[in-house]
Amino acid sequence: MLGRNCRFLQGPDTDPAHVQAIRDALAARRDLAIDIVNYRRDGTPFLNELFISPILDAEGRVLYHFGSQVDVTGYRQTMSRLAKNERRQRAVFDSAVEFAIVVTDCDGLVTDWNAGAERVFGWTAEEMRGQPADRFFTPEDRAAGRIETEMRRAREEGRASDERWHLRKDGSRFWASGEMMPLFDKVGKHFGFTKIARDRTAEHEAGRALRESEARLSESEDHFRHTVELNPQVPWTCDPAGNITSYSNRWLELTGQAPGEPDGTGWMKALHPDDVPRTVEVFSASLSSGDPVDVDYRINIAGSGEYRWMRARAQARRDAAGSIVRWYGVVEDIHDRRLVEEALRESENRYRTLFETIEVGFYILRLRFDADGRAVDYLIEEANPAFARQTGADLAGRWVSTFAPGLERHWFDSYGRVARTGEPARFENYASGFGRWFDVRAHRVGEPGDHRVAVFFNDITARRNAELLAETNERELRLIADALPVLIAFIDAGHVYRFANEAYRDWFFVPPDEVVGRDVRKLLGPAGYAARPVTRPGRISSTGPSGASPSCSSSTDRIGTGACASPRSATCPGAIPGARSTASMSSSRT
């Protein structure tokens with residue numbers, strides 16, 4: 001190594017601009033810190049964080065240049081993994097457009113607002129950030145302190161579920177089912193809440209509310225802040241006994257110690273008290289064994305009151321007899337790296353907890369296309385525990401063709417369209433391979449070329465079976481009613497025909513489907529309807545065009561269901577003026 005130009009460490013992949021930057025810094029006699037590709041002796045590349053500083057004499061002449069380098073390949077890879085993990089969580093957060101996800105601070109002020117919240121509530125994220133979350137609560141719920149109650153329950157019980165009316169931006173109301181959960185940082189300190197809500201108005205008004213838990217998503221937050229720009233490398237030396245003999249002035253700048261104060265063991269005064277025992281232990285062991293020093297500790301940054309993590313490493317230089325004559329070391333600032341690694345672990349744990357606890361089935365698939373661009377199979381890359389509960393199968397890591405080779409074509413076409421176009425899809429379909437009906441929401445994640453789709457789904461087999469049974473019963477009831485030789489009709493409280501069997505055609509020469517949905521008053525005509533006498537409260541009669549006496553009436557105080565026993569009478573409440581008969585008929589409840 002000695003006497004050779006360090007250019008031999010660089011290979012064909014090294015950026016020439018970086019090499020030129022080094023030359024320019026040497027010529028200008030200034031410090032340089034740069035990341036550059038280097039190669040080890042065995043030919044493997046690594047990312048070298050290189051620092052070069054000129055050492056000047058009293059007259060400002062360059063005596064020599066001090067250089068140090070650190071392998072930062074792992075650190076840069078960790079940063080890349082964190083960024084990818086953050087993008088994945090944000091993609092899932094933003095793709096859940098069927099769910100309104102609202103994040104607040106401890107006081108209930110909105111700090112984040114996803115695309116689903118914009119769709120459900122109507123306000124944009126810009127309009128809601130910094131606003132109180134009870135803005136979308138009804139006036140009566142705000143007066144009753146509903147949001148304060150929810151936040152208290154979420155803190156005490158871990159979550160607070162609710163189903164109630166909420167407000168949209170335009171002032172309209174909708175019925176929402178939601179859940180609020182507290183958010184805690186890595187040390188367990190409470191810093192806010194997340195509320196997940198879904199528009200359930202249709203189910204609420206129809207009385208068919210389904211038991212479906214909402215996806216519990218949360219977003220990751222930016223935990224990294226660079227407040228001080230410091231060169232991460234501080235060279236130092238010590239004697240065989242471990243007494244510091246030289247150090248860079250940067251140590252003094254970092255710690256605020258006076259010149260000479262770090263000599264011997266004085267440098268330990270700058271360490272965090274909790275880190276001193278461990279540091280002494282590691283140094284003592286290395287001084288005894290001669291093994292390299294490698295220890296992490298925190299130092300107090302001068303003037304800030306802040307502690308930053310440092311990594312101290314040292315190697316012993318030995319004489320011809322093998323005795324240690326001096327230790328050469330460097331102190332590297334690893335504070336940001338420690339925070340990144342810690343945040344990555346926290347982010348991965350948070351994502352995994354969310355992934356495993358939501359009750360909605362969720363999985364990420366990767367599609368396979370044939371030469372014609374048709375989706376022919378998909379691999380289930382990730383699946384939460386609810387996937388197995390919803391489908392009855394554990395398919396994580398498997399191609400769907402290995403489990404359900406006869407799966408319907410529409411599944412591949414639907415997911416393939418989402419992957420190609422990026423347009424979300426919402427549909428209900430039957431999967432023969434699982435023997436179940438599913439309500440599905442699909443969104444593309446990652447880059448278009450990844451062909452990856454995130455899927456939220458619920459098993460709706462029970463609901464679909466109930467709907468099919470209701471349709472069957474309705475058809476059977478229609479067949480029975482049409483087969484009876486008597487007229488059966490239903491007129492609601494608003495005087496509108498809701499049902500009439502085929503006997504209506506025999507009575508009035510009008511197909512029943514032409515009167516269903518029409519107002520009986522319009523069918524009778526203003527004069528005919530006005531001419532009907534009311535014989536007593538709760539009893540309505542009518543006469544035919546010939547003035548015949550009433551013969552069909554309702555025994556209730558409104559027009560309701562009626563069964564007329566004699567065909568073609570012009571005096572039934574359902575009669576159409578001009579029908580050709582005066583036969584009487586009796587009324588009964590049906």
# chains A, B, ... in the order shown; residues from 1 in each chain; ligands from 1

$ residues_around --residues "Arg153 in chain A" --least-positions-apart "6" --cutoff "9 Å" --atoms "only C-alpha atoms" --output "list in words"
Arg159, Ala160 and Met180 of chain A

$ write_last_selection --atoms "N, CA, C and O atoms" --output "PDB file, in the first residue's frame"
ATOM      1  N   ARG A 159     -59.146   1.002  21.906  1.00  0.00           N
ATOM      2  CA  ARG A 159     -59.872   1.330  20.700  1.00  0.00           C
ATOM      3  C   ARG A 159     -61.278   1.750  21.078  1.00  0.00           C
ATOM      4  O   ARG A 159     -61.773   1.402  22.145  1.00  0.00           O
ATOM      5  N   ALA A 160     -61.919   2.504  20.192  1.00  0.00           N
ATOM      6  CA  ALA A 160     -63.298   2.937  20.426  1.00  0.00           C
ATOM      7  C   ALA A 160     -64.052   2.828  19.103  1.00  0.00           C
ATOM      8  O   ALA A 160     -63.756   3.546  18.156  1.00  0.00           O
ATOM      9  N   MET A 180     -61.664   4.325  16.382  1.00  0.00           N
ATOM     10  CA  MET A 180     -60.563   5.214  16.756  1.00  0.00           C
ATOM     11  C   MET A 180     -59.578   4.446  17.611  1.00  0.00           C
ATOM     12  O   MET A 180     -59.978   3.677  18.488  1.00  0.00           O
TER      13      MET A 180
END

$ select_by_dssp --residues "range 74-197 of chain A" --states "strand (DSSP E)" --output "compact mmCIF listing (two decimals) with all heavy atoms, in the first residue's frame"
# COMPACT_ATOMS: atom_id res chain seq x y z
N ALA A 100 -61.97 6.05 4.95
CA ALA A 100 -61.51 7.36 5.39
C ALA A 100 -60.57 7.14 6.57
O ALA A 100 -60.98 6.60 7.60
CB ALA A 100 -62.69 8.23 5.80
N ILE A 101 -59.32 7.55 6.42
CA ILE A 101 -58.33 7.38 7.49
C ILE A 101 -57.87 8.77 7.90
O ILE A 101 -57.31 9.52 7.10
CB ILE A 101 -57.13 6.54 7.02
CG1 ILE A 101 -57.62 5.19 6.49
CG2 ILE A 101 -56.15 6.34 8.16
CD1 ILE A 101 -56.52 4.33 5.92
N VAL A 102 -58.12 9.10 9.16
CA VAL A 102 -57.82 10.43 9.68
C VAL A 102 -56.86 10.27 10.86
O VAL A 102 -57.10 9.47 11.76
CB VAL A 102 -59.10 11.15 10.15
CG1 VAL A 102 -58.77 12.54 10.66
CG2 VAL A 102 -60.11 11.23 9.02
N VAL A 103 -55.76 11.02 10.84
CA VAL A 103 -54.79 10.99 11.92
C VAL A 103 -54.82 12.35 12.63
O VAL A 103 -54.83 13.39 11.98
CB VAL A 103 -53.37 10.70 11.40
CG1 VAL A 103 -52.37 10.66 12.56
CG2 VAL A 103 -53.35 9.38 10.64
N THR A 104 -54.88 12.33 13.97
CA THR A 104 -54.92 13.58 14.74
C THR A 104 -53.84 13.58 15.80
O THR A 104 -53.26 12.54 16.11
CB THR A 104 -56.29 13.76 15.44
OG1 THR A 104 -56.37 12.85 16.55
CG2 THR A 104 -57.44 13.49 14.48
N VAL A 110 -56.40 17.54 13.16
CA VAL A 110 -56.05 16.65 12.07
C VAL A 110 -54.61 16.91 11.62
O VAL A 110 -54.22 18.06 11.37
CB VAL A 110 -57.01 16.86 10.88
CG1 VAL A 110 -56.55 16.04 9.67
CG2 VAL A 110 -58.42 16.47 11.27
N THR A 111 -53.82 15.83 11.54
CA THR A 111 -52.45 15.93 11.03
C THR A 111 -52.27 15.22 9.71
O THR A 111 -51.34 15.52 8.97
CB THR A 111 -51.46 15.33 12.05
OG1 THR A 111 -51.80 13.94 12.28
CG2 THR A 111 -51.52 16.09 13.36
N ASP A 112 -53.16 14.27 9.37
CA ASP A 112 -53.09 13.61 8.07
C ASP A 112 -54.49 13.15 7.68
O ASP A 112 -55.33 12.88 8.54
CB ASP A 112 -52.12 12.43 8.08
CG ASP A 112 -51.45 12.27 6.72
OD1 ASP A 112 -51.99 12.77 5.71
OD2 ASP A 112 -50.39 11.63 6.66
N TRP A 113 -54.70 13.05 6.37
CA TRP A 113 -56.05 12.88 5.82
C TRP A 113 -55.88 12.19 4.48
O TRP A 113 -55.35 12.77 3.54
CB TRP A 113 -56.64 14.29 5.67
CG TRP A 113 -58.05 14.43 5.20
CD1 TRP A 113 -58.47 14.56 3.91
CD2 TRP A 113 -59.22 14.52 6.01
NE1 TRP A 113 -59.82 14.72 3.87
CE2 TRP A 113 -60.32 14.70 5.15
CE3 TRP A 113 -59.47 14.46 7.38
CZ2 TRP A 113 -61.62 14.84 5.61
CZ3 TRP A 113 -60.76 14.60 7.84
CH2 TRP A 113 -61.83 14.78 6.98
N ALA A 160 -61.92 2.50 20.19
CA ALA A 160 -63.30 2.94 20.43
C ALA A 160 -64.05 2.83 19.10
O ALA A 160 -63.76 3.55 18.16
CB ALA A 160 -63.34 4.38 20.94
N SER A 161 -65.01 1.88 19.04
CA SER A 161 -65.81 1.69 17.83
C SER A 161 -67.08 2.52 17.92
O SER A 161 -67.60 2.77 19.02
CB SER A 161 -66.16 0.20 17.65
OG SER A 161 -64.99 -0.58 17.57
N ASP A 162 -67.59 2.92 16.76
CA ASP A 162 -68.83 3.69 16.76
C ASP A 162 -69.53 3.52 15.43
O ASP A 162 -68.90 3.23 14.41
CB ASP A 162 -68.55 5.17 17.01
CG ASP A 162 -67.86 5.84 15.84
OD1 ASP A 162 -66.63 5.74 15.73
OD2 ASP A 162 -68.57 6.43 15.01
N GLU A 163 -70.86 3.70 15.46
CA GLU A 163 -71.68 3.78 14.26
C GLU A 163 -72.65 4.92 14.49
O GLU A 163 -73.48 4.86 15.40
CB GLU A 163 -72.42 2.46 13.99
CG GLU A 163 -71.50 1.33 13.57
CD GLU A 163 -72.27 0.18 12.92
OE1 GLU A 163 -73.47 0.35 12.67
OE2 GLU A 163 -71.65 -0.87 12.68
N ARG A 164 -72.54 5.95 13.68
CA ARG A 164 -73.39 7.12 13.87
C ARG A 164 -73.38 7.98 12.61
O ARG A 164 -72.64 7.72 11.67
CB ARG A 164 -72.91 7.94 15.07
CG ARG A 164 -71.53 8.55 14.90
CD ARG A 164 -71.31 9.63 15.96
NE ARG A 164 -71.36 9.09 17.29
CZ ARG A 164 -70.30 8.67 17.97
NH1 ARG A 164 -69.11 8.73 17.40
NH2 ARG A 164 -70.43 8.20 19.19
N TRP A 165 -74.23 9.03 12.65
CA TRP A 165 -74.29 9.96 11.53
C TRP A 165 -73.08 10.89 11.56
O TRP A 165 -72.65 11.32 12.62
CB TRP A 165 -75.57 10.80 11.58
CG TRP A 165 -76.82 10.01 11.33
CD1 TRP A 165 -77.74 9.61 12.24
CD2 TRP A 165 -77.26 9.49 10.07
NE1 TRP A 165 -78.73 8.88 11.65
CE2 TRP A 165 -78.47 8.80 10.30
CE3 TRP A 165 -76.77 9.56 8.77
CZ2 TRP A 165 -79.18 8.17 9.29
CZ3 TRP A 165 -77.48 8.93 7.75
CH2 TRP A 165 -78.67 8.25 8.02
N HIS A 166 -72.53 11.17 10.38
CA HIS A 166 -71.45 12.13 10.22
C HIS A 166 -71.83 13.13 9.14
O HIS A 166 -72.80 12.93 8.40
CB HIS A 166 -70.14 11.42 9.85
CG HIS A 166 -69.47 10.77 11.01
ND1 HIS A 166 -70.04 9.77 11.74
CD2 HIS A 166 -68.25 10.97 11.57
CE1 HIS A 166 -69.23 9.37 12.70
NE2 HIS A 166 -68.13 10.10 12.62
N LEU A 167 -71.03 14.20 9.05
CA LEU A 167 -71.30 15.26 8.08
C LEU A 167 -70.28 15.26 6.96
O LEU A 167 -69.10 14.98 7.16
CB LEU A 167 -71.24 16.64 8.76
CG LEU A 167 -72.34 17.00 9.75
CD1 LEU A 167 -72.09 18.38 10.31
CD2 LEU A 167 -73.71 16.95 9.08
N ARG A 173 -75.67 14.42 5.47
CA ARG A 173 -75.31 13.44 6.49
C ARG A 173 -75.21 12.05 5.88
O ARG A 173 -75.90 11.73 4.91
CB ARG A 173 -76.36 13.43 7.61
CG ARG A 173 -76.46 14.75 8.35
CD ARG A 173 -77.31 14.61 9.60
NE ARG A 173 -77.36 15.86 10.36
CZ ARG A 173 -77.62 15.93 11.65
NH1 ARG A 173 -77.89 14.83 12.33
NH2 ARG A 173 -77.64 17.10 12.26
N PHE A 174 -74.36 11.24 6.44
CA PHE A 174 -74.27 9.84 6.04
C PHE A 174 -73.95 9.01 7.27
O PHE A 174 -73.37 9.49 8.24
CB PHE A 174 -73.20 9.64 4.96
CG PHE A 174 -71.78 9.84 5.43
CD1 PHE A 174 -70.99 8.77 5.79
CD2 PHE A 174 -71.25 11.12 5.53
CE1 PHE A 174 -69.70 8.96 6.22
CE2 PHE A 174 -69.96 11.32 5.97
CZ PHE A 174 -69.18 10.23 6.32
N TRP A 175 -74.35 7.75 7.21
CA TRP A 175 -74.13 6.84 8.34
C TRP A 175 -72.78 6.16 8.16
O TRP A 175 -72.50 5.59 7.11
CB TRP A 175 -75.25 5.80 8.38
CG TRP A 175 -75.18 4.90 9.57
CD1 TRP A 175 -74.62 3.67 9.65
CD2 TRP A 175 -75.72 5.16 10.88
NE1 TRP A 175 -74.75 3.15 10.90
CE2 TRP A 175 -75.43 4.04 11.68
CE3 TRP A 175 -76.40 6.22 11.43
CZ2 TRP A 175 -75.81 3.96 13.01
CZ3 TRP A 175 -76.79 6.15 12.76
CH2 TRP A 175 -76.49 5.03 13.52
N ALA A 176 -71.97 6.24 9.16
CA ALA A 176 -70.62 5.70 9.06
C ALA A 176 -70.34 4.75 10.22
O ALA A 176 -70.81 4.96 11.34
CB ALA A 176 -69.58 6.82 9.06
N SER A 177 -69.61 3.70 9.92
CA SER A 177 -69.07 2.84 10.97
C SER A 177 -67.58 3.14 11.06
O SER A 177 -66.91 3.26 10.04
CB SER A 177 -69.30 1.36 10.65
OG SER A 177 -68.62 0.99 9.47
N GLY A 178 -67.08 3.30 12.25
CA GLY A 178 -65.69 3.70 12.39
C GLY A 178 -65.06 3.17 13.65
O GLY A 178 -65.70 2.54 14.49
N GLU A 179 -63.77 3.44 13.75
CA GLU A 179 -63.01 3.00 14.91
C GLU A 179 -61.87 3.97 15.14
O GLU A 179 -61.21 4.42 14.19
CB GLU A 179 -62.48 1.58 14.68
CG GLU A 179 -61.90 0.95 15.93
CD GLU A 179 -61.81 -0.56 15.79
OE1 GLU A 179 -61.64 -1.03 14.67
OE2 GLU A 179 -61.90 -1.26 16.82
N MET A 180 -61.66 4.33 16.38
CA MET A 180 -60.56 5.21 16.76
C MET A 180 -59.58 4.45 17.61
O MET A 180 -59.98 3.68 18.49
CB MET A 180 -61.10 6.44 17.51
CG MET A 180 -60.00 7.40 17.95
SD MET A 180 -60.64 8.87 18.79
CE MET A 180 -61.32 9.77 17.40
N MET A 181 -58.27 4.65 17.34
CA MET A 181 -57.22 3.96 18.08
C MET A 181 -56.14 4.96 18.48
O MET A 181 -55.86 5.89 17.72
CB MET A 181 -56.61 2.84 17.25
CG MET A 181 -57.54 1.69 16.96
SD MET A 181 -56.89 0.55 15.73
CE MET A 181 -57.02 1.55 14.26
N PRO A 182 -55.55 4.79 19.65
CA PRO A 182 -54.47 5.68 20.06
C PRO A 182 -53.17 5.33 19.36
O PRO A 182 -52.94 4.18 18.98
CB PRO A 182 -54.37 5.43 21.57
CG PRO A 182 -54.83 4.02 21.74
CD PRO A 182 -55.89 3.79 20.69
N LEU A 183 -52.31 6.32 19.17
CA LEU A 183 -50.99 6.11 18.57
C LEU A 183 -49.92 6.36 19.62
O LEU A 183 -49.99 7.34 20.37
CB LEU A 183 -50.79 7.06 17.38
CG LEU A 183 -51.75 6.88 16.20
CD1 LEU A 183 -51.51 7.96 15.17
CD2 LEU A 183 -51.59 5.51 15.59
N PHE A 184 -48.92 5.50 19.68
CA PHE A 184 -47.84 5.62 20.64
C PHE A 184 -46.51 5.55 19.90
O PHE A 184 -46.38 4.87 18.88
CB PHE A 184 -47.89 4.49 21.67
CG PHE A 184 -49.16 4.47 22.49
CD1 PHE A 184 -50.23 3.68 22.09
CD2 PHE A 184 -49.29 5.25 23.62
CE1 PHE A 184 -51.41 3.68 22.81
CE2 PHE A 184 -50.46 5.25 24.36
CZ PHE A 184 -51.53 4.46 23.95
N HIS A 190 -47.90 8.52 24.24
CA HIS A 190 -49.06 8.76 23.40
C HIS A 190 -48.88 10.07 22.64
O HIS A 190 -48.58 11.11 23.22
CB HIS A 190 -50.32 8.82 24.27
CG HIS A 190 -51.55 9.19 23.52
ND1 HIS A 190 -52.35 10.26 23.84
CD2 HIS A 190 -52.13 8.62 22.45
CE1 HIS A 190 -53.35 10.34 23.00
NE2 HIS A 190 -53.25 9.35 22.14
N PHE A 191 -49.06 10.02 21.26
CA PHE A 191 -48.88 11.25 20.50
C PHE A 191 -50.05 11.55 19.56
O PHE A 191 -50.00 12.50 18.79
CB PHE A 191 -47.59 11.21 19.69
CG PHE A 191 -47.56 10.18 18.59
CD1 PHE A 191 -48.04 10.48 17.33
CD2 PHE A 191 -47.03 8.92 18.82
CE1 PHE A 191 -48.00 9.55 16.32
CE2 PHE A 191 -46.99 7.98 17.81
CZ PHE A 191 -47.47 8.29 16.55
N GLY A 192 -51.12 10.78 19.63
CA GLY A 192 -52.26 11.11 18.80
C GLY A 192 -53.22 9.95 18.63
O GLY A 192 -53.17 8.96 19.37
N PHE A 193 -54.11 10.09 17.64
CA PHE A 193 -55.12 9.07 17.37
C PHE A 193 -55.23 8.86 15.86
O PHE A 193 -54.88 9.75 15.07
CB PHE A 193 -56.51 9.49 17.89
CG PHE A 193 -56.57 9.72 19.37
CD1 PHE A 193 -56.32 10.98 19.91
CD2 PHE A 193 -56.87 8.67 20.24
CE1 PHE A 193 -56.39 11.20 21.27
CE2 PHE A 193 -56.93 8.88 21.60
CZ PHE A 193 -56.69 10.14 22.12
N THR A 194 -55.71 7.68 15.47
CA THR A 194 -56.10 7.44 14.09
C THR A 194 -57.54 6.96 14.09
O THR A 194 -57.93 6.13 14.90
CB THR A 194 -55.19 6.41 13.40
OG1 THR A 194 -55.63 6.24 12.04
CG2 THR A 194 -55.24 5.06 14.08
N LYS A 195 -58.33 7.55 13.20
CA LYS A 195 -59.75 7.18 13.08
C LYS A 195 -59.98 6.65 11.67
O LYS A 195 -59.60 7.29 10.69
CB LYS A 195 -60.66 8.37 13.34
CG LYS A 195 -62.15 8.02 13.28
CD LYS A 195 -63.03 9.23 13.62
CE LYS A 195 -64.52 8.89 13.51
NZ LYS A 195 -64.95 7.87 14.48
N ILE A 196 -60.60 5.47 11.59
CA ILE A 196 -60.91 4.84 10.31
C ILE A 196 -62.42 4.76 10.20
O ILE A 196 -63.09 4.26 11.10
CB ILE A 196 -60.29 3.43 10.22
CG1 ILE A 196 -58.78 3.50 10.46
CG2 ILE A 196 -60.60 2.80 8.88
CD1 ILE A 196 -58.12 2.14 10.57
N ALA A 197 -62.97 5.26 9.10
CA ALA A 197 -64.42 5.28 8.94
C ALA A 197 -64.78 4.87 7.52
O ALA A 197 -64.00 5.04 6.59
CB ALA A 197 -64.99 6.67 9.23

$ residues_around --residues "Ala503 in chain A" --least-positions-apart "3" --cutoff "7 Å" --atoms "only C-alpha atoms" --output "MDAnalysis selection string"
chainID A and resid 482 485:487 506:507

$ write_last_selection --atoms "C-alpha atoms" --output "JSON list (two decimals), in the first residue's frame"
[["chain", "number", "residue", "atom", "x", "y", "z"],
["A", 482, "ASP", "CA", -100.83, -15.14, -10.61],
["A", 485, "PRO", "CA", -108.58, -16.71, -9.80],
["A", 486, "VAL", "CA", -109.09, -13.59, -7.66],
["A", 487, "LEU", "CA", -107.67, -10.12, -8.04],
["A", 506, "ASP", "CA", -109.15, -10.01, -16.56],
["A", 507, "TRP", "CA", -110.84, -7.40, -14.39]]

$ residues_around --residues "Ser246 in chain A" --least-positions-apart "6" --cutoff "12 Å" --atoms "only C-alpha atoms" --output "short mmCIF file (atom, residue, chain, number, x, y, z; two decimals) with N, CA, C and O atoms, in the first residue's frame"
data_model
loop_
_atom_site.label_atom_id
_atom_site.label_comp_id
_atom_site.auth_asym_id
_atom_site.auth_seq_id
_atom_site.Cartn_x
_atom_site.Cartn_y
_atom_site.Cartn_z
N VAL A 234 -13.17 11.42 13.14
CA VAL A 234 -12.22 12.12 14.00
C VAL A 234 -11.05 11.18 14.28
O VAL A 234 -11.20 10.20 15.02
N PRO A 235 -9.88 11.41 13.67
CA PRO A 235 -8.73 10.52 13.92
C PRO A 235 -8.11 10.76 15.29
O PRO A 235 -8.13 11.88 15.80
N TRP A 236 -7.54 9.68 15.86
CA TRP A 236 -6.87 9.80 17.16
C TRP A 236 -5.86 8.67 17.31
O TRP A 236 -5.90 7.67 16.58
N THR A 237 -4.94 8.86 18.26
CA THR A 237 -3.97 7.81 18.59
C THR A 237 -3.85 7.72 20.10
O THR A 237 -4.15 8.67 20.83
N CYS A 238 -3.38 6.56 20.56
CA CYS A 238 -3.11 6.40 22.00
C CYS A 238 -1.93 5.45 22.19
O CYS A 238 -1.57 4.70 21.27
N ASP A 239 -1.34 5.50 23.36
CA ASP A 239 -0.19 4.65 23.65
C ASP A 239 -0.67 3.24 24.03
O ASP A 239 -1.88 3.00 24.14
N LEU A 252 -12.41 18.58 19.55
CA LEU A 252 -12.62 19.75 20.40
C LEU A 252 -13.84 20.54 19.94
O LEU A 252 -14.62 21.04 20.76
N PRO A 259 -8.14 22.45 24.48
CA PRO A 259 -6.93 21.73 24.05
C PRO A 259 -6.22 21.11 25.26
O PRO A 259 -6.04 21.76 26.29
N GLY A 260 -5.84 19.86 25.12
CA GLY A 260 -5.17 19.14 26.21
C GLY A 260 -6.13 18.42 27.14
O GLY A 260 -5.74 17.47 27.83
N GLU A 261 -7.39 18.86 27.19
CA GLU A 261 -8.34 18.23 28.11
C GLU A 261 -8.62 16.77 27.76
O GLU A 261 -8.78 15.94 28.67
N PRO A 262 -8.65 16.37 26.47
CA PRO A 262 -8.91 14.96 26.16
C PRO A 262 -7.73 14.04 26.42
O PRO A 262 -7.88 12.81 26.33
N ASP A 263 -6.52 14.60 26.68
CA ASP A 263 -5.32 13.77 26.85
C ASP A 263 -5.54 12.72 27.93
O ASP A 263 -6.30 12.91 28.90
N GLY A 264 -4.84 11.60 27.76
CA GLY A 264 -4.98 10.50 28.73
C GLY A 264 -6.37 9.89 28.62
O GLY A 264 -6.73 9.31 27.60
N THR A 265 -7.14 10.02 29.70
CA THR A 265 -8.53 9.52 29.69
C THR A 265 -9.53 10.66 29.81
O THR A 265 -10.72 10.44 30.04
N TRP A 267 -10.84 12.41 27.61
CA TRP A 267 -11.86 12.41 26.56
C TRP A 267 -13.16 11.77 27.04
O TRP A 267 -14.24 12.07 26.52
N ARG A 326 1.60 1.45 19.40
CA ARG A 326 0.65 2.55 19.32
C ARG A 326 -0.68 2.01 18.78
O ARG A 326 -0.73 1.03 18.05
N TRP A 327 -1.73 2.71 19.19
CA TRP A 327 -3.08 2.43 18.66
C TRP A 327 -3.49 3.59 17.76
O TRP A 327 -3.33 4.76 18.11
N TYR A 328 -4.02 3.25 16.59
CA TYR A 328 -4.54 4.24 15.66
C TYR A 328 -6.05 4.03 15.52
O TYR A 328 -6.51 2.92 15.23
N GLY A 329 -6.78 5.12 15.74
CA GLY A 329 -8.24 4.98 15.71
C GLY A 329 -8.94 6.13 15.02
O GLY A 329 -8.32 7.13 14.63
N VAL A 330 -10.21 5.96 14.87
CA VAL A 330 -11.05 6.99 14.27
C VAL A 330 -12.41 6.93 14.97
O VAL A 330 -12.89 5.86 15.33
#

$ atom_distance --atom1 "CA of Leu469 in chain A" --atom2 "CA of Ser432 in chain A"
19.3 Å

$ residues_around --residues "Ile299 in chain A" --least-positions-apart "5" --cutoff "10 Å" --atoms "only C-alpha atoms" --output "MDAnalysis selection string"
chainID A and resid 254:255 267:273 275 305:310 333

$ atom_distance --atom1 "CA of Ala314 in chain A" --atom2 "CA of Leu344 in chain A"
28.5 Å

$ closest_residue --among "A:Pro292, A:Ile52, A:Glu148, A:Asp199" --to "Asp24 in chain A" --atoms "only C-alpha atoms"
A:Ile52

$ residues_around --residues "Phe438 in chain A" --least-positions-apart "2" --cutoff "10 Å" --atoms "only C-alpha atoms" --output "PyMOL selection string"
chain A and resi 390-391+427-431+434-436+440-441+456-461+464

$ atom_distance --atom1 "CA of Gly397 in chain A" --atom2 "CA of Glu341 in chain A"
27.1 Å

$ closest_residue --among "A:Gly446, A:Gly433, A:Pro45, A:Gly517" --to "Ser401 in chain A" --atoms "only C-alpha atoms"
A:Gly433

$ select_by_dssp --residues "range 49-203 of chain A" --states "alpha helix (DSSP H)" --output "ChimeraX atom specification"
/A:73-95,115-121,125-128,139-143,146-157,201-203

$ residues_around --residues "Arg278 in chain A" --least-positions-apart "5" --cutoff "10 Å" --atoms "only C-alpha atoms" --output "list of chain:residue names"
A:Phe283, A:Ser284, A:Val295, A:Asp296, A:Tyr297
